[in-house]
Amino acid sequence: MIFTTGNLKSSHPFSFEIFVGGEAAVDDSNSGKWCVASPTASDDQLQANIDFACGKVDCSIIRSGGACFEPNTIQNRASAAMNLYYQQTYQADTSCDFNGSGNIVRTDPSYDDCKFKCN
């Protein structure tokens, strides 16, 4: 599946592939994995994800002046926070569940100066 969450910046569309169950048809042993917010998650769920993740990791990148603060959307901030937590837990698949509102992607969601960490 490919989802497009809209335009994070006017010149940078934010698209990613989501792998849901089963085996990947490609050898992804050298690929990165990131955790991002589901485009269908509610704002309340995404805020809960931010609160949880930022209680466990340093979320300064999504605060005012941080590299991932702009665009200042709940979807963007949640994706950055959720990925920080996911990477800290060594990419454990269950660490990206967030009550069904997280997705593991294999396309780097980084943009401009906002670099999504990947272990």
# chains A, B, ... in the order shown; residues from 1 in each chain; ligands from 1
$ select_by_dssp --residues "segment 68-110 of chain A" --states "strand (DSSP E or B)" --output "PyMOL selection string"
chain A and resi 102-105
$ residues_around --residues "Ser110 of chain A" --least-positions-apart "2" --cutoff "10 Å" --atoms "only C-alpha atoms" --output "ChimeraX atom specification"
/A:14,34,68,80,107-108,112-117
$ write_last_selection --atoms "C-alpha atoms" --output "mmCIF file, in the first residue's frame"
data_model
loop_
_atom_site.group_PDB
_atom_site.id
_atom_site.type_symbol
_atom_site.label_atom_id
_atom_site.label_comp_id
_atom_site.auth_asym_id
_atom_site.auth_seq_id
_atom_site.Cartn_x
_atom_site.Cartn_y
_atom_site.Cartn_z
ATOM 1 C CA PHE A 14 5.252 12.848 2.194
ATOM 2 C CA TRP A 34 10.979 3.807 10.390
ATOM 3 C CA CYS A 68 11.056 18.645 12.844
ATOM 4 C CA ALA A 80 8.790 12.087 14.472
ATOM 5 C CA THR A 107 11.047 4.663 2.766
ATOM 6 C CA ASP A 108 12.938 7.291 4.743
ATOM 7 C CA ASP A 112 14.773 19.146 4.730
ATOM 8 C CA ASP A 113 16.644 19.386 8.059
ATOM 9 C CA CYS A 114 14.280 16.937 9.758
ATOM 10 C CA LYS A 115 16.164 13.646 9.776
ATOM 11 C CA PHE A 116 14.277 10.599 10.992
ATOM 12 C CA LYS A 117 16.741 8.459 12.916
#
$ atom_distance --atom1 "atom CA of Asn103 of chain A" --atom2 "atom CA of Gly66 of chain A"
23.2 Å
$ residues_around --residues "Asn99 of chain A" --least-positions-apart "5" --cutoff "10 Å" --atoms "only C-alpha atoms" --output "mmCIF file with all heavy atoms, in the first residue's frame"
data_model
loop_
_atom_site.group_PDB
_atom_site.id
_atom_site.type_symbol
_atom_site.label_atom_id
_atom_site.label_comp_id
_atom_site.auth_asym_id
_atom_site.auth_seq_id
_atom_site.Cartn_x
_atom_site.Cartn_y
_atom_site.Cartn_z
ATOM 1 N N ALA A 41 -5.217 7.797 11.615
ATOM 2 C CA ALA A 41 -5.300 7.922 13.075
ATOM 3 C C ALA A 41 -5.941 9.254 13.464
ATOM 4 O O ALA A 41 -5.742 10.269 12.795
ATOM 5 C CB ALA A 41 -3.914 7.815 13.691
ATOM 6 N N GLN A 45 -5.628 10.266 19.229
ATOM 7 C CA GLN A 45 -4.714 9.131 19.325
ATOM 8 C C GLN A 45 -3.277 9.584 19.069
ATOM 9 O O GLN A 45 -2.352 9.168 19.765
ATOM 10 C CB GLN A 45 -5.085 8.024 18.334
ATOM 11 C CG GLN A 45 -4.155 6.818 18.395
ATOM 12 C CD GLN A 45 -4.144 6.118 19.738
ATOM 13 O OE1 GLN A 45 -5.183 5.687 20.214
ATOM 14 N NE2 GLN A 45 -2.987 6.022 20.367
ATOM 15 N N ASN A 49 -0.003 9.386 21.453
ATOM 16 C CA ASN A 49 1.266 8.791 21.029
ATOM 17 C C ASN A 49 2.438 9.725 21.324
ATOM 18 O O ASN A 49 3.496 9.285 21.780
ATOM 19 C CB ASN A 49 1.233 8.466 19.533
ATOM 20 C CG ASN A 49 0.207 7.418 19.180
ATOM 21 O OD1 ASN A 49 -0.405 6.796 20.043
ATOM 22 N ND2 ASN A 49 -0.014 7.228 17.893
ATOM 23 N N THR A 94 6.535 -4.366 17.675
ATOM 24 C CA THR A 94 5.474 -4.013 18.618
ATOM 25 C C THR A 94 5.623 -2.583 19.135
ATOM 26 O O THR A 94 4.655 -2.001 19.608
ATOM 27 C CB THR A 94 5.437 -4.995 19.800
ATOM 28 O OG1 THR A 94 6.726 -5.021 20.418
ATOM 29 C CG2 THR A 94 5.050 -6.390 19.336
#
$ closest_residue --among "A:Pro109, A:Ser42, A:Cys59, A:Ala81" --to "Cys96 of chain A" --atoms "only C-alpha atoms"
A:Ala81
$ closest_residue --among "A:Ile62, A:Ile104, A:Ala78, A:Cys35" --to "Ala48 of chain A" --atoms "only C-alpha atoms"
A:Ala78
$ atom_distance --atom1 "atom CA of Phe69 of chain A" --atom2 "atom CA of Lys33 of chain A"
21.6 Å
$ closest_residue --among "A:Cys54, A:Pro71, A:Met82, A:Asp97" --to "Tyr111 of chain A" --atoms "only C-alpha atoms"
A:Pro71
$ atom_distance --atom1 "atom CA of Asp51 of chain A" --atom2 "atom CA of Asn119 of chain A"
22.4 Å
$ select_by_dssp --residues "segment 22-79 of chain A" --states "helix (DSSP H, G or I)" --output "list in words"
Asp43, Asp44, Gln45, Leu46, Gln47, Ala48, Asn49, Ile50, Asp51, Phe52, Ala53, Cys54, Ser60, Ile61, Ile62, Ile74, Gln75, Asn76, Arg77, Ala78 and Ser79 of chain A
$ write_last_selection --atoms "all heavy atoms" --output "compact mmCIF listing (two decimals), in the first residue's frame"
# COMPACT_ATOMS: atom_id res chain seq x y z
N ASP A 43 -6.63 12.65 15.72
CA ASP A 43 -5.75 13.62 16.39
C ASP A 43 -5.57 13.26 17.86
O ASP A 43 -4.48 13.41 18.41
CB ASP A 43 -6.30 15.04 16.25
CG ASP A 43 -6.13 15.61 14.85
OD1 ASP A 43 -5.54 14.94 13.98
OD2 ASP A 43 -6.62 16.74 14.63
N ASP A 44 -6.64 12.80 18.52
CA ASP A 44 -6.54 12.42 19.93
C ASP A 44 -5.56 11.26 20.12
O ASP A 44 -4.76 11.26 21.05
CB ASP A 44 -7.90 12.04 20.49
CG ASP A 44 -8.81 13.24 20.69
OD1 ASP A 44 -8.31 14.39 20.72
OD2 ASP A 44 -10.04 13.04 20.82
N GLN A 45 -5.63 10.27 19.23
CA GLN A 45 -4.71 9.13 19.33
C GLN A 45 -3.28 9.58 19.07
O GLN A 45 -2.35 9.17 19.76
CB GLN A 45 -5.08 8.02 18.33
CG GLN A 45 -4.15 6.82 18.39
CD GLN A 45 -4.14 6.12 19.74
OE1 GLN A 45 -5.18 5.69 20.21
NE2 GLN A 45 -2.99 6.02 20.37
N LEU A 46 -3.09 10.44 18.08
CA LEU A 46 -1.74 10.92 17.78
C LEU A 46 -1.17 11.74 18.94
O LEU A 46 0.01 11.62 19.26
CB LEU A 46 -1.75 11.73 16.48
CG LEU A 46 -2.10 10.93 15.22
CD1 LEU A 46 -2.10 11.84 14.00
CD2 LEU A 46 -1.16 9.75 15.03
N GLN A 47 -2.01 12.54 19.58
CA GLN A 47 -1.52 13.30 20.74
C GLN A 47 -1.14 12.35 21.87
O GLN A 47 -0.14 12.56 22.55
CB GLN A 47 -2.57 14.30 21.22
CG GLN A 47 -2.06 15.20 22.34
CD GLN A 47 -0.84 16.02 21.93
OE1 GLN A 47 -0.88 16.75 20.94
NE2 GLN A 47 0.25 15.90 22.67
N ALA A 48 -1.92 11.30 22.07
CA ALA A 48 -1.58 10.30 23.08
C ALA A 48 -0.24 9.63 22.75
O ALA A 48 0.57 9.35 23.63
CB ALA A 48 -2.69 9.26 23.21
N ASN A 49 0.00 9.39 21.45
CA ASN A 49 1.27 8.79 21.03
C ASN A 49 2.44 9.73 21.32
O ASN A 49 3.50 9.29 21.78
CB ASN A 49 1.23 8.47 19.53
CG ASN A 49 0.21 7.42 19.18
OD1 ASN A 49 -0.40 6.80 20.04
ND2 ASN A 49 -0.01 7.23 17.89
N ILE A 50 2.24 11.01 21.05
CA ILE A 50 3.29 12.00 21.35
C ILE A 50 3.57 12.02 22.84
O ILE A 50 4.72 11.97 23.27
CB ILE A 50 2.88 13.40 20.86
CG1 ILE A 50 2.84 13.44 19.32
CG2 ILE A 50 3.81 14.47 21.41
CD1 ILE A 50 2.20 14.69 18.75
N ASP A 51 2.51 12.07 23.64
CA ASP A 51 2.68 12.10 25.09
C ASP A 51 3.43 10.87 25.59
O ASP A 51 4.34 10.98 26.42
CB ASP A 51 1.32 12.21 25.79
CG ASP A 51 0.61 13.53 25.49
OD1 ASP A 51 1.26 14.48 25.03
OD2 ASP A 51 -0.62 13.58 25.72
N PHE A 52 3.06 9.70 25.08
CA PHE A 52 3.72 8.46 25.50
C PHE A 52 5.18 8.46 25.07
O PHE A 52 6.08 8.25 25.89
CB PHE A 52 3.00 7.24 24.92
CG PHE A 52 3.75 5.96 25.18
CD1 PHE A 52 3.66 5.34 26.42
CD2 PHE A 52 4.56 5.39 24.21
CE1 PHE A 52 4.37 4.17 26.68
CE2 PHE A 52 5.27 4.24 24.46
CZ PHE A 52 5.18 3.62 25.69
N ALA A 53 5.42 8.67 23.78
CA ALA A 53 6.79 8.60 23.25
C ALA A 53 7.69 9.64 23.90
O ALA A 53 8.82 9.32 24.30
CB ALA A 53 6.78 8.78 21.74
N CYS A 54 7.19 10.85 24.06
CA CYS A 54 8.02 11.92 24.62
C CYS A 54 8.23 11.76 26.12
O CYS A 54 9.10 12.41 26.69
CB CYS A 54 7.43 13.28 24.27
SG CYS A 54 7.51 13.62 22.49
N SER A 60 12.94 16.88 21.66
CA SER A 60 13.25 18.29 21.38
C SER A 60 13.16 18.61 19.89
O SER A 60 12.92 19.77 19.53
CB SER A 60 14.63 18.65 21.93
OG SER A 60 15.63 17.82 21.38
N ILE A 61 13.28 17.62 19.01
CA ILE A 61 13.21 17.90 17.57
C ILE A 61 11.82 18.34 17.12
O ILE A 61 11.69 18.95 16.07
CB ILE A 61 13.68 16.70 16.72
CG1 ILE A 61 12.76 15.50 16.88
CG2 ILE A 61 15.12 16.36 16.99
CD1 ILE A 61 13.00 14.40 15.86
N ILE A 62 10.78 18.07 17.92
CA ILE A 62 9.43 18.48 17.52
C ILE A 62 8.95 19.72 18.26
O ILE A 62 7.83 20.18 18.05
CB ILE A 62 8.39 17.34 17.65
CG1 ILE A 62 8.17 16.94 19.10
CG2 ILE A 62 8.78 16.16 16.78
CD1 ILE A 62 6.98 16.01 19.32
N ILE A 74 -0.07 17.77 13.76
CA ILE A 74 -0.09 16.64 14.68
C ILE A 74 0.47 15.38 14.00
O ILE A 74 1.18 14.60 14.61
CB ILE A 74 -1.51 16.41 15.27
CG1 ILE A 74 -1.49 15.40 16.41
CG2 ILE A 74 -2.48 15.96 14.20
CD1 ILE A 74 -1.26 16.00 17.75
N GLN A 75 0.17 15.19 12.75
CA GLN A 75 0.65 14.03 11.98
C GLN A 75 2.18 14.04 11.92
O GLN A 75 2.83 13.03 12.15
CB GLN A 75 0.06 14.06 10.58
CG GLN A 75 0.41 12.87 9.72
CD GLN A 75 -0.45 11.67 9.99
OE1 GLN A 75 -1.60 11.80 10.38
NE2 GLN A 75 0.09 10.50 9.79
N ASN A 76 2.74 15.18 11.61
CA ASN A 76 4.19 15.32 11.50
C ASN A 76 4.87 15.11 12.85
O ASN A 76 5.84 14.35 12.96
CB ASN A 76 4.53 16.70 10.92
CG ASN A 76 6.01 16.85 10.71
OD1 ASN A 76 6.60 16.16 9.89
ND2 ASN A 76 6.63 17.74 11.45
N ARG A 77 4.38 15.80 13.86
CA ARG A 77 5.00 15.69 15.19
C ARG A 77 4.88 14.27 15.72
O ARG A 77 5.83 13.73 16.31
CB ARG A 77 4.36 16.69 16.16
CG ARG A 77 4.72 18.13 15.86
CD ARG A 77 4.27 19.08 16.98
NE ARG A 77 3.01 18.70 17.59
CZ ARG A 77 1.83 19.25 17.31
NH1 ARG A 77 1.75 20.23 16.45
NH2 ARG A 77 0.75 18.85 17.91
N ALA A 78 3.73 13.64 15.53
CA ALA A 78 3.55 12.26 16.01
C ALA A 78 4.50 11.31 15.30
O ALA A 78 5.11 10.45 15.94
CB ALA A 78 2.10 11.82 15.83
N SER A 79 4.63 11.44 14.00
CA SER A 79 5.53 10.56 13.25
C SER A 79 6.96 10.68 13.77
O SER A 79 7.63 9.67 13.98
CB SER A 79 5.48 10.88 11.75
OG SER A 79 4.25 10.50 11.20
